[in-house]
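Enquirer: Before I ask anything, here is the structure I am working with.
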Amino acid sequence: MAGDFYSSEGDAVLREAGLRVTRQRQAIVRVLFEAEDHPDAEQVLSRARDKDASVSQATAYRTLGALADKGLLHRHMFDGGVTRFELATRPHHDHLIDVESGEVMEFVSDEIERLQRRIAAEYGYDIVAHRLELYCKKRRS
């Protein structure tokens, strides 16, 4: 069963966060690596329990917090909602949030990236990090 979610990359993430590698934490990290969405803590917990039923809520929350505190996991609070998570190792992208459905879509725009760098440069700065969230409603025909 350990092979179902074991990952040396996941173990390295846990060690980098200063966490002991356990089956429960391996399950949590595997969920984060597999996530195609931006799960909240309860979703991470539920998915981790599908991999290892012994994962406790306390372990899930502490693991998520430790990973985020070390910069290995991004915390998102889209529009003041629940905190959602995604691995910091993912390539840079921005988010479009549908305010009616809550759906979160990722996008990359070279044009936006160039504009942000130009604006920062005009003010005498270099961007070291940024986050762009667009809150949108679908157009009605």
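Ordering of the structure tokens sets the chain letters (A, B, ...), residue numbers begin anew at 1 in every chain, and ligands are numbered from 1 in the order given.
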Excluding Cys136 (chain A) and any residue of its chain fewer than 4 positions from it, enumerate the residues within 8 Å of it, using only C-alpha atoms, and give them as a tab-separated table (two decimals) with all heavy atoms, in the first residue's frame.

Expert:
chain	number	residue	atom	x	y	z
A	96	LEU	N	-7.82	33.23	-12.18
A	96	LEU	CA	-9.10	33.85	-12.52
A	96	LEU	C	-10.15	33.13	-11.69
A	96	LEU	O	-10.23	31.89	-11.74
A	96	LEU	CB	-9.39	33.70	-14.01
A	96	LEU	CG	-10.65	34.41	-14.51
A	96	LEU	CD1	-10.41	34.93	-15.92
A	96	LEU	CD2	-11.84	33.50	-14.49
A	97	ILE	N	-10.90	33.89	-10.90
A	97	ILE	CA	-11.88	33.30	-9.99
A	97	ILE	C	-13.27	33.72	-10.44
A	97	ILE	O	-13.56	34.90	-10.57
A	97	ILE	CB	-11.63	33.76	-8.54
A	97	ILE	CG1	-10.25	33.31	-8.05
A	97	ILE	CG2	-12.71	33.20	-7.61
A	97	ILE	CD1	-9.19	34.33	-8.19
A	98	ASP	N	-14.11	32.74	-10.71
A	98	ASP	CA	-15.51	32.99	-11.06
A	98	ASP	C	-16.25	33.28	-9.75
A	98	ASP	O	-16.39	32.40	-8.90
A	98	ASP	CB	-16.10	31.76	-11.76
A	98	ASP	CG	-17.53	31.97	-12.23
A	98	ASP	OD1	-18.34	32.56	-11.47
A	98	ASP	OD2	-17.85	31.54	-13.34
A	99	VAL	N	-16.71	34.52	-9.59
A	99	VAL	CA	-17.32	34.92	-8.32
A	99	VAL	C	-18.69	34.27	-8.09
A	99	VAL	O	-19.17	34.25	-6.96
A	99	VAL	CB	-17.43	36.45	-8.17
A	99	VAL	CG1	-16.06	37.09	-8.15
A	99	VAL	CG2	-18.31	37.06	-9.26

Enquirer: Can you tell me which residues surround Ala48 (chain A) at a distance of at most 7 Å, considering only C-alpha atoms, apart from same-chain residues fewer than 5 positions away, and format the answer as a PyMOL selection string?

Expert: chain A and resi 27-28+31+55

Enquirer: Would you pick out the contacts of Phe85 (chain A) at 7 Å or less, using only C-alpha atoms, so that residues sharing its chain but fewer than 6 positions from it are not included, and give the list as an mmCIF file with N, CA, C and O atoms, in the first residue's frame?

Expert:
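Just written: out_19.cif:
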data_model
loop_
_atom_site.group_PDB
_atom_site.id
_atom_site.type_symbol
_atom_site.label_atom_id
_atom_site.label_comp_id
_atom_site.auth_asym_id
_atom_site.auth_seq_id
_atom_site.Cartn_x
_atom_site.Cartn_y
_atom_site.Cartn_z
ATOM 1 N N HIS A 38 -7.201 23.678 -6.343
ATOM 2 C CA HIS A 38 -6.621 24.376 -5.201
ATOM 3 C C HIS A 38 -7.401 23.926 -3.969
ATOM 4 O O HIS A 38 -8.308 24.619 -3.510
ATOM 5 N N PRO A 39 -7.067 22.747 -3.435
ATOM 6 C CA PRO A 39 -7.873 22.201 -2.343
ATOM 7 C C PRO A 39 -7.699 22.983 -1.044
ATOM 8 O O PRO A 39 -6.627 23.536 -0.769
ATOM 9 N N ASP A 40 -8.788 23.012 -0.257
ATOM 10 C CA ASP A 40 -8.680 23.575 1.079
ATOM 11 C C ASP A 40 -8.227 22.463 2.022
ATOM 12 O O ASP A 40 -8.050 21.311 1.600
ATOM 13 N N LEU A 73 4.643 25.647 0.101
ATOM 14 C CA LEU A 73 3.224 25.571 -0.233
ATOM 15 C C LEU A 73 2.689 26.990 -0.230
ATOM 16 O O LEU A 73 3.021 27.776 0.661
ATOM 17 N N HIS A 74 1.885 27.334 -1.238
ATOM 18 C CA HIS A 74 1.249 28.652 -1.270
ATOM 19 C C HIS A 74 -0.129 28.556 -0.643
ATOM 20 O O HIS A 74 -0.883 27.618 -0.917
ATOM 21 N N ARG A 75 -0.440 29.542 0.186
ATOM 22 C CA ARG A 75 -1.790 29.688 0.746
ATOM 23 C C ARG A 75 -2.521 30.728 -0.102
ATOM 24 O O ARG A 75 -1.976 31.790 -0.387
ATOM 25 N N HIS A 76 -3.735 30.410 -0.484
ATOM 26 C CA HIS A 76 -4.575 31.360 -1.218
ATOM 27 C C HIS A 76 -5.886 31.532 -0.459
ATOM 28 O O HIS A 76 -6.471 30.540 -0.014
#

Enquirer: Please provide the set of residues having any atom within 10 Å of region 104-111 of chain A, restricted to only C-alpha atoms, with same-chain residues fewer than 4 positions apart removed, written as a PyMOL selection string.

Expert: chain A and resi 37-38+78+91-99+115-116+133-135

Enquirer: For each of A:Glu113, A:Gly102, A:Leu67, A:Val44, take the minimum atom-to-atom distance to Gly80 (chain A), counting only C-alpha atoms, then give the residue where this is smallest.

Expert: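 Ranked by minimum distance to Gly80 (chain A), first place goes to A:Gly102.
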
Enquirer: So which residues of region 4-129 of chain A fall under helix (DSSP H, G or I) by DSSP, listed as a PyMOL selection string?

Expert: chain A and resi 4+8-16+23-34+41-51+57-69+78-80+110-122

Enquirer: Closest to Thr83 (chain A) among A:Glu122, A:Glu103, A:Asp50, A:Glu42, using only C-alpha atoms?

Expert: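 Among the listed residues, the smallest separation from Thr83 (chain A) belongs to A:Glu42.
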
Enquirer: Quick one: of A:Glu86, A:Asp69, A:Asp11, A:Asp79, who's nearest to Leu32 (chain A), counting only C-alpha atoms?

Expert: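 Distance minimum relative to Leu32 (chain A) lands on A:Glu86.
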
Enquirer: With only C-alpha atoms as the basis for distance, which of A:Thr89, A:Ile112, A:Ile119, A:Gln26 is at the shortest distance from Arg131 (chain A)?

Expert: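 Looking only at the distances to Arg131 (chain A), the closest residue turns out to be A:Ile112.
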
Enquirer: May I have all residues of chain A that DSSP, computed from the backbone, assigns to strand (DSSP E or B), given as a JSON list (two decimals) with N, CA, C and O atoms, in the first residue's frame?

Expert:
[["chain", "number", "residue", "atom", "x", "y", "z"],
["A", 40, "ASP", "N", -8.79, 23.01, -0.26],
["A", 40, "ASP", "CA", -8.68, 23.58, 1.08],
["A", 40, "ASP", "C", -8.23, 22.46, 2.02],
["A", 40, "ASP", "O", -8.05, 21.31, 1.60],
["A", 73, "LEU", "N", 4.64, 25.65, 0.10],
["A", 73, "LEU", "CA", 3.22, 25.57, -0.23],
["A", 73, "LEU", "C", 2.69, 26.99, -0.23],
["A", 73, "LEU", "O", 3.02, 27.78, 0.66],
["A", 74, "HIS", "N", 1.89, 27.33, -1.24],
["A", 74, "HIS", "CA", 1.25, 28.65, -1.27],
["A", 74, "HIS", "C", -0.13, 28.56, -0.64],
["A", 74, "HIS", "O", -0.88, 27.62, -0.92],
["A", 75, "ARG", "N", -0.44, 29.54, 0.19],
["A", 75, "ARG", "CA", -1.79, 29.69, 0.75],
["A", 75, "ARG", "C", -2.52, 30.73, -0.10],
["A", 75, "ARG", "O", -1.98, 31.79, -0.39],
["A", 76, "HIS", "N", -3.74, 30.41, -0.48],
["A", 76, "HIS", "CA", -4.58, 31.36, -1.22],
["A", 76, "HIS", "C", -5.89, 31.53, -0.46],
["A", 76, "HIS", "O", -6.47, 30.54, -0.01],
["A", 84, "ARG", "N", -6.93, 27.97, 0.57],
["A", 84, "ARG", "CA", -6.66, 26.89, -0.37],
["A", 84, "ARG", "C", -5.15, 26.79, -0.55],
["A", 84, "ARG", "O", -4.43, 27.75, -0.31],
["A", 85, "PHE", "N", -4.70, 25.62, -1.01],
["A", 85, "PHE", "CA", -3.27, 25.36, -1.08],
["A", 85, "PHE", "C", -2.85, 24.87, -2.46],
["A", 85, "PHE", "O", -3.62, 24.22, -3.15],
["A", 86, "GLU", "N", -1.58, 25.19, -2.80],
["A", 86, "GLU", "CA", -0.94, 24.59, -3.96],
["A", 86, "GLU", "C", 0.56, 24.61, -3.75],
["A", 86, "GLU", "O", 1.10, 25.50, -3.08],
["A", 87, "LEU", "N", 1.23, 23.62, -4.29],
["A", 87, "LEU", "CA", 2.68, 23.51, -4.13],
["A", 87, "LEU", "C", 3.39, 24.71, -4.75],
["A", 87, "LEU", "O", 3.03, 25.15, -5.85],
["A", 94, "ASP", "N", -1.17, 32.84, -12.86],
["A", 94, "ASP", "CA", -2.10, 33.72, -12.18],
["A", 94, "ASP", "C", -3.45, 33.02, -12.09],
["A", 94, "ASP", "O", -3.62, 31.92, -12.63],
["A", 95, "HIS", "N", -4.39, 33.64, -11.40],
["A", 95, "HIS", "CA", -5.68, 32.99, -11.15],
["A", 95, "HIS", "C", -6.85, 33.87, -11.59],
["A", 95, "HIS", "O", -6.84, 35.09, -11.39],
["A", 96, "LEU", "N", -7.82, 33.23, -12.18],
["A", 96, "LEU", "CA", -9.10, 33.85, -12.52],
["A", 96, "LEU", "C", -10.15, 33.13, -11.69],
["A", 96, "LEU", "O", -10.23, 31.89, -11.74],
["A", 97, "ILE", "N", -10.90, 33.89, -10.90],
["A", 97, "ILE", "CA", -11.88, 33.30, -9.99],
["A", 97, "ILE", "C", -13.27, 33.72, -10.44],
["A", 97, "ILE", "O", -13.56, 34.90, -10.57],
["A", 98, "ASP", "N", -14.11, 32.74, -10.71],
["A", 98, "ASP", "CA", -15.51, 32.99, -11.06],
["A", 98, "ASP", "C", -16.25, 33.28, -9.75],
["A", 98, "ASP", "O", -16.39, 32.40, -8.90],
["A", 104, "VAL", "N", -11.86, 28.23, -9.75],
["A", 104, "VAL", "CA", -10.57, 28.90, -9.86],
["A", 104, "VAL", "C", -9.86, 28.33, -11.08],
["A", 104, "VAL", "O", -9.66, 27.12, -11.18],
["A", 105, "MET", "N", -9.50, 29.22, -12.01],
["A", 105, "MET", "CA", -8.81, 28.80, -13.22],
["A", 105, "MET", "C", -7.42, 29.43, -13.22],
["A", 105, "MET", "O", -7.27, 30.58, -12.81],
["A", 106, "GLU", "N", -6.45, 28.68, -13.67],
["A", 106, "GLU", "CA", -5.09, 29.19, -13.78],
["A", 106, "GLU", "C", -4.84, 29.65, -15.20],
["A", 106, "GLU", "O", -5.37, 29.08, -16.15],
["A", 107, "PHE", "N", -4.04, 30.72, -15.33],
["A", 107, "PHE", "CA", -3.67, 31.17, -16.67],
["A", 107, "PHE", "C", -2.28, 31.79, -16.61],
["A", 107, "PHE", "O", -1.80, 32.20, -15.55],
["A", 133, "GLU", "N", -4.84, 37.99, -9.07],
["A", 133, "GLU", "CA", -6.12, 37.29, -8.99],
["A", 133, "GLU", "C", -7.16, 38.17, -9.67],
["A", 133, "GLU", "O", -7.33, 39.33, -9.30],
["A", 134, "LEU", "N", -7.83, 37.63, -10.66],
["A", 134, "LEU", "CA", -8.91, 38.33, -11.35],
["A", 134, "LEU", "C", -10.23, 37.74, -10.90],
["A", 134, "LEU", "O", -10.45, 36.53, -11.04],
["A", 135, "TYR", "N", -11.11, 38.57, -10.34],
["A", 135, "TYR", "CA", -12.44, 38.12, -9.90],
["A", 135, "TYR", "C", -13.42, 38.50, -10.98],
["A", 135, "TYR", "O", -13.54, 39.66, -11.33],
["A", 136, "CYS", "N", -14.09, 37.49, -11.55],
["A", 136, "CYS", "CA", -14.87, 37.69, -12.77],
["A", 136, "CYS", "C", -16.25, 37.06, -12.68],
["A", 136, "CYS", "O", -16.49, 36.16, -11.87]]
